[in-house]
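What's in upload00.txt: compact mmCIF, C-alpha atoms
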```txt
# COMPACT_ATOMS: atom_id res chain seq x y z
CA MET K 205 4.61 -15.41 -2.51
CA THR K 206 4.24 -12.08 -0.76
CA VAL K 207 1.73 -9.30 -1.32
CA ALA K 208 3.15 -5.78 -1.44
CA ASP K 209 1.45 -3.18 0.77
CA ASP K 210 0.89 0.45 -0.16
CA ALA K 211 3.81 2.66 0.72
CA GLU K 212 1.82 5.32 2.62
CA PRO K 213 -1.74 6.56 3.06
CA PRO K 214 -3.28 8.64 0.29
CA ALA K 215 -2.47 12.35 0.14
CA ALA K 216 -6.13 13.32 -0.15
CA GLY K 217 -9.53 11.97 0.82
CA PRO K 218 -11.59 9.70 -1.39
CA ALA K 219 -12.28 11.04 -4.85
CA SER K 220 -16.01 10.63 -4.25
CA SER K 221 -15.96 13.90 -2.29
CA ALA K 222 -15.72 15.82 -5.57
CA ALA K 223 -16.94 15.50 -9.14
CA PRO K 224 -14.48 13.28 -11.04
CA ALA K 225 -11.93 15.12 -13.14
CA VAL K 226 -10.96 11.79 -14.75
CA THR K 227 -12.88 8.55 -15.26
CA VAL K 228 -10.63 5.54 -15.92
CA ILE K 229 -12.02 2.38 -17.52
CA GLY K 230 -10.23 -0.95 -17.77
CA GLU K 231 -8.44 -3.81 -16.15
CA ALA K 232 -7.03 -4.41 -12.68
CA VAL K 233 -4.28 -7.04 -12.83
CA VAL K 234 -2.11 -8.79 -10.26
CA ASP K 235 1.55 -8.46 -11.29
CA LEU K 236 3.63 -11.37 -9.99
CA VAL K 237 7.22 -10.14 -9.97
CA GLN K 238 10.10 -12.57 -9.37
CA GLN K 239 12.40 -11.50 -6.56
CA PRO K 240 16.18 -12.13 -6.33
CA ASP K 241 15.54 -15.11 -4.03
CA GLY K 242 13.24 -16.72 -6.62
CA ARG K 243 9.98 -16.02 -4.82
CA TYR K 244 7.23 -13.96 -6.41
CA ALA K 245 5.79 -10.78 -4.92
CA ALA K 246 2.24 -9.86 -5.91
CA HIS K 247 1.76 -6.18 -6.76
CA PRO K 248 -1.53 -4.53 -7.78
CA GLY K 249 -1.23 -3.55 -11.43
CA GLY K 250 -2.85 -3.34 -14.81
CA SER K 251 -2.42 -0.16 -16.83
CA PRO K 252 -5.84 1.41 -16.11
CA LEU K 253 -5.64 0.68 -12.36
CA ASN K 254 -2.10 2.10 -12.27
CA VAL K 255 -3.28 5.27 -14.01
CA ALA K 256 -6.25 5.66 -11.64
CA VAL K 257 -4.06 5.24 -8.55
CA GLY K 258 -1.44 7.59 -9.99
CA LEU K 259 -4.06 10.27 -10.59
CA ALA K 260 -5.55 9.90 -7.11
CA ARG K 261 -2.11 10.15 -5.50
CA LEU K 262 -1.58 13.38 -7.42
CA GLY K 263 -4.76 14.78 -5.90
CA VAL K 264 -7.01 14.41 -8.95
CA PRO K 265 -10.62 13.28 -8.25
CA THR K 266 -10.73 9.95 -10.08
CA VAL K 267 -13.47 7.40 -10.68
CA MET K 268 -12.59 3.92 -11.96
CA LEU K 269 -14.86 1.56 -13.83
CA ALA K 270 -13.32 -1.88 -13.36
CA ARG K 271 -14.59 -5.44 -13.04
CA PHE K 272 -13.04 -6.66 -9.79
CA SER K 273 -13.02 -10.39 -9.16
CA THR K 274 -14.51 -11.41 -5.84
CA ASN K 275 -11.62 -13.85 -5.25
CA ARG K 276 -8.67 -13.06 -2.97
CA PHE K 277 -6.65 -11.30 -5.64
CA GLY K 278 -9.66 -9.31 -6.78
CA ARG K 279 -10.38 -8.15 -3.24
CA ARG K 280 -6.73 -7.10 -2.91
CA LEU K 281 -6.97 -5.06 -6.13
CA ARG K 282 -10.17 -3.36 -4.99
CA ALA K 283 -8.66 -2.55 -1.59
CA HIS K 284 -5.57 -1.07 -3.27
CA ALA K 285 -7.71 1.30 -5.33
CA GLU K 286 -9.88 2.30 -2.37
CA THR K 287 -6.92 2.83 -0.04
CA ASN K 288 -5.42 5.20 -2.58
CA GLY K 289 -8.57 7.33 -2.82
CA VAL K 290 -9.93 6.04 -6.13
CA ASP K 291 -13.73 6.31 -6.31
CA LEU K 292 -15.19 2.86 -7.05
CA ARG K 293 -18.89 3.73 -6.90
CA HIS K 294 -19.39 2.25 -10.41
CA ALA K 295 -17.01 -0.70 -10.14
CA VAL K 296 -18.40 -4.18 -10.76
CA ASP K 297 -18.10 -7.21 -8.47
CA ALA K 298 -17.38 -10.08 -10.88
CA ASP K 299 -17.54 -13.83 -10.37
CA GLU K 300 -14.72 -14.51 -12.86
CA PRO K 301 -11.10 -14.80 -11.61
CA ALA K 302 -8.64 -11.90 -11.60
CA THR K 303 -6.18 -11.50 -14.46
CA LEU K 304 -2.54 -12.36 -13.66
CA GLY K 305 0.61 -10.91 -15.19
CA ILE K 306 4.00 -12.58 -14.65
CA ALA K 307 6.73 -9.93 -14.81
CA THR K 308 10.35 -10.82 -15.60
CA LEU K 309 13.01 -8.15 -15.11
CA THR K 310 16.16 -7.71 -17.17
CA GLY K 311 19.42 -6.63 -15.58
CA THR K 312 18.50 -2.99 -16.25
CA GLY K 313 15.08 -3.29 -14.61
CA VAL K 314 13.04 -3.45 -17.82
CA ALA K 315 9.98 -5.69 -17.41
CA THR K 316 8.55 -8.22 -19.85
CA TYR K 317 5.22 -9.92 -19.20
CA ASP K 318 3.29 -13.15 -19.62
CA PHE K 319 -0.44 -12.92 -18.93
CA TYR K 320 -3.19 -15.30 -17.85
CA VAL K 321 -6.34 -13.75 -19.34
CA ASP K 322 -8.67 -16.53 -20.48
CA GLY K 323 -12.08 -16.17 -18.88
CA THR K 324 -10.95 -13.51 -16.41
CA ALA K 325 -13.13 -10.72 -15.12
CA ASP K 326 -11.66 -7.75 -16.99
CA TRP K 327 -12.98 -8.45 -20.51
CA GLN K 328 -16.61 -9.35 -19.80
CA TRP K 329 -18.09 -5.84 -19.94
CA ARG K 330 -21.82 -5.41 -20.50
CA THR K 331 -23.15 -2.22 -22.03
CA ASP K 332 -25.06 -1.27 -18.87
CA GLU K 333 -21.89 -1.61 -16.78
CA LEU K 334 -20.17 0.99 -18.97
CA ALA K 335 -23.07 3.46 -18.93
CA PRO K 336 -21.59 5.60 -16.08
CA ALA K 337 -18.67 6.50 -18.37
CA VAL K 338 -21.00 8.31 -20.75
CA THR K 339 -21.41 11.43 -18.64
CA GLY K 340 -20.03 14.19 -20.85
CA ARG K 341 -17.85 15.45 -17.98
CA GLY K 342 -14.10 15.61 -17.50
CA ILE K 343 -11.61 13.23 -19.09
CA VAL K 344 -12.45 9.59 -19.84
CA HIS K 345 -9.32 7.43 -20.10
CA THR K 346 -8.81 3.82 -21.14
CA GLY K 347 -6.35 1.58 -22.90
CA SER K 348 -4.20 -1.53 -22.72
CA LEU K 349 -5.81 -4.95 -22.93
CA ALA K 350 -9.33 -3.68 -22.24
CA ALA K 351 -9.28 -1.91 -25.59
CA PHE K 352 -8.44 -5.11 -27.51
CA LEU K 353 -9.76 -8.22 -25.77
CA HIS K 354 -13.26 -9.44 -26.53
CA PRO K 355 -16.11 -9.49 -25.76
CA GLY K 356 -15.62 -6.22 -23.87
CA ALA K 357 -13.43 -4.26 -26.31
CA ASP K 358 -16.16 -3.34 -28.80
CA ARG K 359 -18.54 -2.31 -26.02
CA LEU K 360 -15.80 -0.17 -24.50
CA THR K 361 -15.14 1.52 -27.85
CA ASP K 362 -18.85 2.28 -28.19
CA ALA K 363 -18.86 3.81 -24.70
CA LEU K 364 -15.87 6.02 -25.57
CA ARG K 365 -17.59 7.21 -28.74
CA ALA K 366 -20.74 8.03 -26.78
CA ALA K 367 -18.75 9.82 -24.08
CA ARG K 368 -17.10 12.04 -26.69
CA GLU K 369 -20.47 12.81 -28.27
CA GLN K 370 -21.70 13.89 -24.84
CA GLY K 371 -18.79 16.30 -24.40
CA ALA K 372 -16.14 14.31 -22.51
CA PHE K 373 -12.46 14.47 -23.42
CA VAL K 374 -11.27 10.98 -24.37
CA SER K 375 -7.75 9.69 -23.62
CA VAL K 376 -6.35 6.37 -24.89
CA ASP K 377 -3.08 4.51 -24.23
CA PRO K 378 -2.89 1.31 -26.36
CA ASN K 379 -0.09 -0.09 -24.13
CA ILE K 380 0.49 -2.90 -26.61
CA ARG K 381 0.92 -6.51 -25.42
CA PRO K 382 1.93 -8.27 -28.67
CA GLY K 383 1.39 -11.82 -27.45
CA LEU K 384 -2.26 -11.22 -26.62
CA ILE K 385 -3.83 -8.90 -29.19
CA GLY K 386 -3.17 -10.60 -32.51
CA SER K 387 -1.25 -9.32 -35.50
CA PRO K 388 0.11 -5.76 -35.87
CA ASP K 389 -2.27 -5.26 -38.83
CA ALA K 390 -5.35 -6.06 -36.76
CA ALA K 391 -4.12 -4.04 -33.77
CA ARG K 392 -3.31 -1.08 -36.00
CA VAL K 393 -6.90 -1.03 -37.27
CA ARG K 394 -8.15 -0.86 -33.67
CA VAL K 395 -5.65 1.86 -32.69
CA ASP K 396 -6.58 3.96 -35.71
CA GLU K 397 -10.26 3.53 -34.82
CA LEU K 398 -9.53 4.74 -31.29
CA ALA K 399 -7.52 7.67 -32.71
CA ARG K 400 -10.67 8.86 -34.48
CA ILE K 401 -12.39 9.02 -31.07
CA ALA K 402 -9.59 10.22 -28.79
CA HIS K 403 -8.56 13.76 -27.95
CA VAL K 404 -5.34 12.44 -26.37
CA LEU K 405 -3.52 9.37 -27.69
CA LYS K 406 -0.34 8.30 -25.91
CA ALA K 407 1.85 5.29 -26.75
CA SER K 408 5.41 4.15 -26.11
CA GLU K 409 8.12 4.02 -28.75
CA GLU K 410 7.96 0.20 -28.48
CA ASP K 411 4.24 0.33 -29.23
CA VAL K 412 4.88 2.55 -32.26
CA ALA K 413 7.64 0.30 -33.61
CA TRP K 414 5.36 -2.76 -33.39
CA LEU K 415 2.25 -1.07 -34.77
CA TYR K 416 3.87 1.01 -37.53
CA PRO K 417 7.13 -0.70 -38.53
CA GLY K 418 9.52 1.47 -40.48
CA ARG K 419 7.74 4.74 -39.66
CA SER K 420 9.36 7.47 -37.58
CA THR K 421 7.91 8.78 -34.34
CA GLU K 422 7.22 12.13 -36.01
CA ASP K 423 5.38 10.43 -38.88
CA VAL K 424 3.16 8.46 -36.50
CA LEU K 425 2.39 11.56 -34.45
CA ARG K 426 1.29 13.33 -37.65
CA HIS K 427 -0.77 10.28 -38.66
CA TRP K 428 -2.70 10.38 -35.39
CA ARG K 429 -3.21 14.10 -35.70
CA ASP K 430 -4.60 13.57 -39.21
CA LEU K 431 -7.08 11.07 -37.76
CA GLY K 432 -8.39 13.73 -35.39
CA VAL K 433 -6.30 13.43 -32.20
CA THR K 434 -5.91 16.79 -30.44
CA LEU K 435 -2.67 15.82 -28.66
CA ALA K 436 -0.59 12.84 -29.79
CA VAL K 437 2.22 11.66 -27.49
CA VAL K 438 4.97 9.04 -27.73
CA THR K 439 7.09 8.23 -24.68
CA LEU K 440 10.77 7.55 -25.34
CA GLY K 441 11.92 5.83 -22.14
CA ALA K 442 15.02 7.55 -20.79
CA GLY K 443 14.74 9.94 -23.74
CA GLY K 444 11.57 11.56 -22.34
CA ALA K 445 8.60 12.19 -24.62
CA ALA K 446 7.64 13.66 -27.99
CA ALA K 447 4.24 15.12 -28.81
CA ALA K 448 2.31 16.93 -31.50
CA SER K 449 -0.75 19.19 -31.33
CA ALA K 450 -2.60 20.87 -34.16
CA THR K 451 -0.07 23.69 -34.32
CA SER K 452 3.13 22.60 -32.56
CA GLY K 453 5.62 19.82 -31.91
CA PHE K 454 7.16 19.16 -28.50
CA ARG K 455 10.17 17.36 -27.02
CA GLN K 456 10.54 16.83 -23.29
CA PRO K 457 13.70 15.25 -21.82
CA ALA K 458 13.40 12.95 -18.81
CA PRO K 459 15.16 13.41 -15.46
CA VAL K 460 18.13 11.09 -14.87
CA VAL K 461 17.39 8.62 -12.06
CA ALA K 462 18.67 5.31 -10.69
CA VAL K 463 16.22 2.74 -12.09
CA ALA K 464 14.88 -0.02 -9.85
CA ASP K 465 12.49 -1.25 -12.54
CA THR K 466 10.23 0.18 -15.23
CA ILE K 467 6.99 -1.48 -14.11
CA GLY K 468 4.19 1.08 -14.30
CA ALA K 469 6.42 3.88 -15.63
CA GLY K 470 4.31 4.47 -18.74
CA ASP K 471 1.14 4.50 -16.66
CA ALA K 472 2.73 6.96 -14.23
CA PHE K 473 3.55 9.22 -17.18
CA THR K 474 -0.08 9.04 -18.30
CA ALA K 475 -1.27 9.91 -14.79
CA GLY K 476 1.01 12.94 -14.65
CA LEU K 477 0.03 14.05 -18.15
CA LEU K 478 -3.70 13.78 -17.46
CA ALA K 479 -3.39 15.37 -14.02
CA ALA K 480 -1.88 18.47 -15.61
CA LEU K 481 -4.24 18.49 -18.59
CA SER K 482 -7.31 18.07 -16.37
CA ALA K 483 -6.42 21.31 -14.60
CA ALA K 484 -6.12 23.14 -17.91
CA ALA K 485 -9.20 21.70 -19.69
CA PRO K 486 -11.13 22.30 -21.84
CA ALA K 487 -8.54 24.10 -23.99
CA TRP K 488 -4.79 23.48 -23.79
CA SER K 489 -2.23 26.08 -24.79
CA ASP K 490 1.28 25.13 -25.90
CA ASP K 491 2.51 26.12 -22.44
CA ASP K 492 -0.08 23.79 -20.87
CA VAL K 493 1.14 20.92 -23.04
CA ARG K 494 4.78 21.59 -22.17
CA ALA K 495 3.95 21.65 -18.46
CA ALA K 496 1.93 18.43 -18.77
CA LEU K 497 4.74 16.61 -20.59
CA ARG K 498 7.25 17.77 -17.98
CA TYR K 499 4.99 16.62 -15.16
CA GLY K 500 4.47 13.27 -16.87
CA VAL K 501 8.20 12.52 -17.19
CA GLU K 502 8.79 13.57 -13.59
CA VAL K 503 6.06 11.27 -12.27
CA ALA K 504 7.42 8.41 -14.39
CA ALA K 505 11.00 9.04 -13.27
CA VAL K 506 10.12 8.73 -9.58
CA THR K 507 8.15 5.54 -10.29
CA CYS K 508 11.23 4.02 -11.95
CA THR K 509 13.19 4.42 -8.72
CA ARG K 510 10.81 2.08 -6.86
CA ALA K 511 9.85 -1.57 -7.23
CA GLY K 512 6.58 -2.32 -8.97
CA ALA K 513 3.89 0.13 -10.07
CA ASP K 514 4.28 2.56 -7.17
CA PRO K 515 3.62 6.10 -8.48
CA PRO K 516 4.49 9.11 -6.34
CA TYR K 517 2.21 11.30 -4.27
CA ARG K 518 1.81 14.96 -5.14
CA HIS K 519 3.94 16.15 -2.22
CA GLU K 520 6.81 13.89 -3.34
CA LEU K 521 6.84 15.58 -6.73
CA ALA K 522 6.81 19.03 -5.14
CA SER K 523 9.80 18.19 -2.94
CA ARG K 524 11.81 16.40 -5.63
CA PHE K 525 11.19 18.86 -8.49
CA PRO K 526 10.39 22.12 -6.63
CA ALA K 527 11.09 24.42 -9.57
CA GLU K 528 8.65 22.69 -11.90
CA SER K 529 5.93 21.07 -9.76
```
What do you get writing this file as structure tokens?
Amino acid sequence: MTVADDAEPPAAGPASSAAPAVTVIGEAVVDLVQQPDGRYAAHPGGSPLNVAVGLARLGVPTVMLARFSTNRFGRRLRAHAETNGVDLRHAVDADEPATLGIATLTGTGVATYDFYVDGTADWQWRTDELAPAVTGRGIVHTGSLAAFLHPGADRLTDALRAAREQGAFVSVDPNIRPGLIGSPDAARVRVDELARIAHVLKASEEDVAWLYPGRSTEDVLRHWRDLGVTLAVVTLGAGGAAAASATSGFRQPAPVVAVADTIGAGDAFTAGLLAALSAAAPAWSDDDVRAALRYGVEVAAVTCTRAGADPPYRHELASRFPAES
């Protein structure tokens, strides 16, 4: 087994030098990805950690609330976040083991996962550990397994609700893992509850098909808007992204790239989306939304050209997409 190193040093200094534009809450997972020779390479992952690193690489001051195991894998995850400029002042040192994800790639680079989550550090949140999220400043983002797995999920939902009441903008990505979160009916109840709290709700077309079988993307976007979401977004893989605000609908095609794998692509999209929206907050015009969707698909496209969850730095986006970035 090998452990992948970061591709380059961060583009900016630690996020602690500025007030956070985005606070990310959730899991940090070790992705074990099988290589062509049969060995496994360990990559830092987990949707919230990927989003936090993606934001920091794009130059956005980012704080992450995570429960990092003190074992070898946990130390590696913490070092990955710190090296990439993520502010970990509120992160928790946890005695429980780190969560593991086993990634299997299809011939087209699409990843499927098996997870080892029982008793791991990421789901043991206490209310006091989540208190720093309730600041009323910037964007608070969460999602994936942290929003579903107990005992932490309910405490996390309460923290999001309190953050919104204090004036923060709340962003959620369910990032559905069907084998771990129960039935679609139960998961749909949780997603709809989060939609009543979130300003931004983003999911993949696979998430939507599992949660709301038989309903079109446009119907689900309207459903989330009716629940109170300010901006509802569904990513469409190579097809780009669709979104709906209170007044408009949006379609954003994706750049055509040679895909190495899709690990972390959805998280990279979220990082790009939130990076653009954080600069335009607190009110987003239709032009702001279009620019954010475009930035999101560009960030995701570059990530797909590289192995593992390895989102681009801001200068890479500027050089690759100079007309838009």
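The two atoms in question, CA of Ala232 (chain K) and CA of Phe277 (chain K), are spaced 9.9 Å apart.
Rounded to one decimal, CA of Ala256 (chain K) and CA of Asp430 (chain K) lie 28.7 Å from each other.
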Subject >> Polymer residues at most 9 Å from region 383-390 of chain K, all atoms listed in the file, same-chain spacing of 5 or more positions, as number ranges by chain >> reply: K: 318-319, 321, 349, 352-353, 395, 414-416
As a check of understanding: the span from CA of Ala335 (chain K) to CA of Ser348 (chain K) is 19.9 Å
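Using all atoms listed in the file, the protein and nucleic acid residues lying no more than 9 Å from Leu497 (chain K), apart from those fewer than 3 places from it along its own chain, are Val437, Gly444, Ala445, Ala446, Ala447, Phe454, Arg455, Gln456, Phe473, Gly476, Leu477, Ala480, Asp492, Val493, Arg494, Gly500, Val501 and Glu502 of chain K.
Proximity ranking of K:Gly418, K:Pro265, K:Gly443, K:Gly249 relative to Gly342 (chain K) places K:Pro265 first, based on all atoms listed in the file.
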Close residues, Gly230 (chain K) itself excluded, 10 Å, all atoms listed in the file, min 6 positions apart in chain, as a list in words = Gly250, Ser251, Pro252, Leu253, Ala256, Met268, Leu269, Ala270, Arg271, Asp326, Trp327, Trp329, His345, Thr346, Gly347, Ser348, Leu349, Ala350, Ala351, Gly356, Ala357 and Leu360 of chain K
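For region 517-526 of chain K, the residues within 9 Å (counting all atoms listed in the file, excluding itself and residues fewer than 6 positions away along the chain) are K:Pro214, K:Ala215, K:Gly258, K:Leu259, K:Ala260, K:Arg261, K:Leu262, K:Gly263, K:Tyr499, K:Glu502, K:Val503, K:Val506.
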Closest pair table for region 331-386 of chain K residues within 10 Å of region 292-297 of chain K, only C-alpha atoms, as a tab-separated table:
```
residue	atom	partner	partner_atom	distance
K:Glu333	CA	K:Val296	CA	7.4
K:Leu334	CA	K:His294	CA	8.7
K:Ala335	CA	K:His294	CA	9.4
K:Pro336	CA	K:His294	CA	6.9
K:Ala337	CA	K:His294	CA	9.1
```
Can I get the selected residues back with C-alpha atoms, as a PDB file, in the frame of the given file?
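selection_31.pdb, written as the output of this step:
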```pdb
ATOM      1  CA  GLU K 333     -21.890  -1.610 -16.780  1.00  0.00           C
ATOM      2  CA  LEU K 334     -20.170   0.990 -18.970  1.00  0.00           C
ATOM      3  CA  ALA K 335     -23.070   3.460 -18.930  1.00  0.00           C
ATOM      4  CA  PRO K 336     -21.590   5.600 -16.080  1.00  0.00           C
ATOM      5  CA  ALA K 337     -18.670   6.500 -18.370  1.00  0.00           C
TER       6      ALA K 337
END
```
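The smallest atom-to-atom distance between Ala442 (chain K) and any of K:Ala367, K:Val226, K:Ala458, K:Ile343, using only C-alpha atoms, is found for K:Ala458.
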Hey, what's within 12 Å of Val234 (chain K) if we count all atoms listed in the file and toss same-chain stuff fewer than 2 positions away? As an mmCIF file with C-alpha atoms, keeping the file's coordinate frame, please?
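Result file follows (out_36.cif):
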```cif
data_model
loop_
_atom_site.group_PDB
_atom_site.id
_atom_site.type_symbol
_atom_site.label_atom_id
_atom_site.label_comp_id
_atom_site.auth_asym_id
_atom_site.auth_seq_id
_atom_site.Cartn_x
_atom_site.Cartn_y
_atom_site.Cartn_z
ATOM 1 C CA THR K 206 4.240 -12.080 -0.760
ATOM 2 C CA VAL K 207 1.730 -9.300 -1.320
ATOM 3 C CA ALA K 208 3.150 -5.780 -1.440
ATOM 4 C CA GLU K 231 -8.440 -3.810 -16.150
ATOM 5 C CA ALA K 232 -7.030 -4.410 -12.680
ATOM 6 C CA LEU K 236 3.630 -11.370 -9.990
ATOM 7 C CA VAL K 237 7.220 -10.140 -9.970
ATOM 8 C CA TYR K 244 7.230 -13.960 -6.410
ATOM 9 C CA ALA K 245 5.790 -10.780 -4.920
ATOM 10 C CA ALA K 246 2.240 -9.860 -5.910
ATOM 11 C CA HIS K 247 1.760 -6.180 -6.760
ATOM 12 C CA PRO K 248 -1.530 -4.530 -7.780
ATOM 13 C CA GLY K 249 -1.230 -3.550 -11.430
ATOM 14 C CA GLY K 250 -2.850 -3.340 -14.810
ATOM 15 C CA SER K 251 -2.420 -0.160 -16.830
ATOM 16 C CA LEU K 253 -5.640 0.680 -12.360
ATOM 17 C CA ASN K 254 -2.100 2.100 -12.270
ATOM 18 C CA PHE K 272 -13.040 -6.660 -9.790
ATOM 19 C CA SER K 273 -13.020 -10.390 -9.160
ATOM 20 C CA ASN K 275 -11.620 -13.850 -5.250
ATOM 21 C CA ARG K 276 -8.670 -13.060 -2.970
ATOM 22 C CA PHE K 277 -6.650 -11.300 -5.640
ATOM 23 C CA GLY K 278 -9.660 -9.310 -6.780
ATOM 24 C CA ARG K 279 -10.380 -8.150 -3.240
ATOM 25 C CA ARG K 280 -6.730 -7.100 -2.910
ATOM 26 C CA LEU K 281 -6.970 -5.060 -6.130
ATOM 27 C CA ARG K 282 -10.170 -3.360 -4.990
ATOM 28 C CA HIS K 284 -5.570 -1.070 -3.270
ATOM 29 C CA PRO K 301 -11.100 -14.800 -11.610
ATOM 30 C CA ALA K 302 -8.640 -11.900 -11.600
ATOM 31 C CA THR K 303 -6.180 -11.500 -14.460
ATOM 32 C CA LEU K 304 -2.540 -12.360 -13.660
ATOM 33 C CA GLY K 305 0.610 -10.910 -15.190
ATOM 34 C CA ILE K 306 4.000 -12.580 -14.650
ATOM 35 C CA ALA K 307 6.730 -9.930 -14.810
ATOM 36 C CA TYR K 317 5.220 -9.920 -19.200
ATOM 37 C CA ASP K 318 3.290 -13.150 -19.620
ATOM 38 C CA PHE K 319 -0.440 -12.920 -18.930
ATOM 39 C CA TYR K 320 -3.190 -15.300 -17.850
ATOM 40 C CA VAL K 321 -6.340 -13.750 -19.340
ATOM 41 C CA THR K 324 -10.950 -13.510 -16.410
ATOM 42 C CA ASP K 326 -11.660 -7.750 -16.990
ATOM 43 C CA GLY K 512 6.580 -2.320 -8.970
ATOM 44 C CA ALA K 513 3.890 0.130 -10.070
#
```
What are the nearest atom pairs, with distances in Å to one decimal, for all residues of region 398-455 of chain K that come at most 10 Å from region 461-472 of chain K, using only C-alpha atoms, set out by chain and rising residue number as a Markdown table?
```
| residue | atom | partner | partner_atom | distance |
| --- | --- | --- | --- | --- |
| K:Lys406 | CA | K:Gly470 | CA | 9.4 |
| K:Ala407 | CA | K:Gly470 | CA | 8.4 |
| K:Ser408 | CA | K:Gly470 | CA | 7.5 |
| K:Thr439 | CA | K:Gly470 | CA | 7.6 |
| K:Leu440 | CA | K:Gly470 | CA | 9.7 |
| K:Gly441 | CA | K:Gly470 | CA | 8.4 |
| K:Ala442 | CA | K:Val461 | CA | 9.1 |
```
- Within 12 Å of (-2.4, 25.5, -24.8), in the coordinates the file gives, what residues turn up when you count only C-alpha atoms, written out as a PyMOL selection string? chain K and resi 434-435+448-452+480-481+483-496
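Considering all atoms listed in the file, the residue among K:Arg400, K:Arg243, K:Arg498, K:Arg392 positioned nearest to Ser375 (chain K) is K:Arg400.
Distances from K:Gln238, K:Asn379, K:Thr227, K:Asn288 to Pro516 (chain K) were compared using all atoms listed in the file, and the smallest one belongs to K:Asn288.
Among K:Ala225, K:Gln328, K:Gln370, K:Thr339, the residue with the shortest atom-to-atom distance to Val290 (chain K), counting only C-alpha atoms, is K:Ala225.
Nearest residue to Pro459 (chain K), choosing from K:Ala372, K:Ala505, K:Ile229, K:Val267 and counting all atoms listed in the file: K:Ala505.
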Can we get region 223-241 of chain K of that structure written down with C-alpha atoms, as a CSV table (one decimal), in the first residue's frame?
```
chain,number,residue,atom,x,y,z
K,223,ALA,CA,-11.9,35.3,8.6
K,224,PRO,CA,-13.3,32.1,7.1
K,225,ALA,CA,-15.5,32.6,4.1
K,226,VAL,CA,-16.6,28.9,4.4
K,227,THR,CA,-16.8,26.6,7.3
K,228,VAL,CA,-16.9,22.9,6.3
K,229,ILE,CA,-18.2,20.2,8.7
K,230,GLY,CA,-17.9,16.5,8.3
K,231,GLU,CA,-15.8,13.4,7.7
K,232,ALA,CA,-12.2,12.9,6.7
K,233,VAL,CA,-11.9,9.4,5.1
K,234,VAL,CA,-9.0,7.4,3.7
K,235,ASP,CA,-9.8,6.3,0.2
K,236,LEU,CA,-8.0,3.0,-0.7
K,237,VAL,CA,-7.9,2.8,-4.5
K,238,GLN,CA,-6.8,-0.3,-6.2
K,239,GLN,CA,-4.0,0.2,-8.7
K,240,PRO,CA,-3.4,-1.7,-12.0
K,241,ASP,CA,-0.8,-3.9,-10.3
```
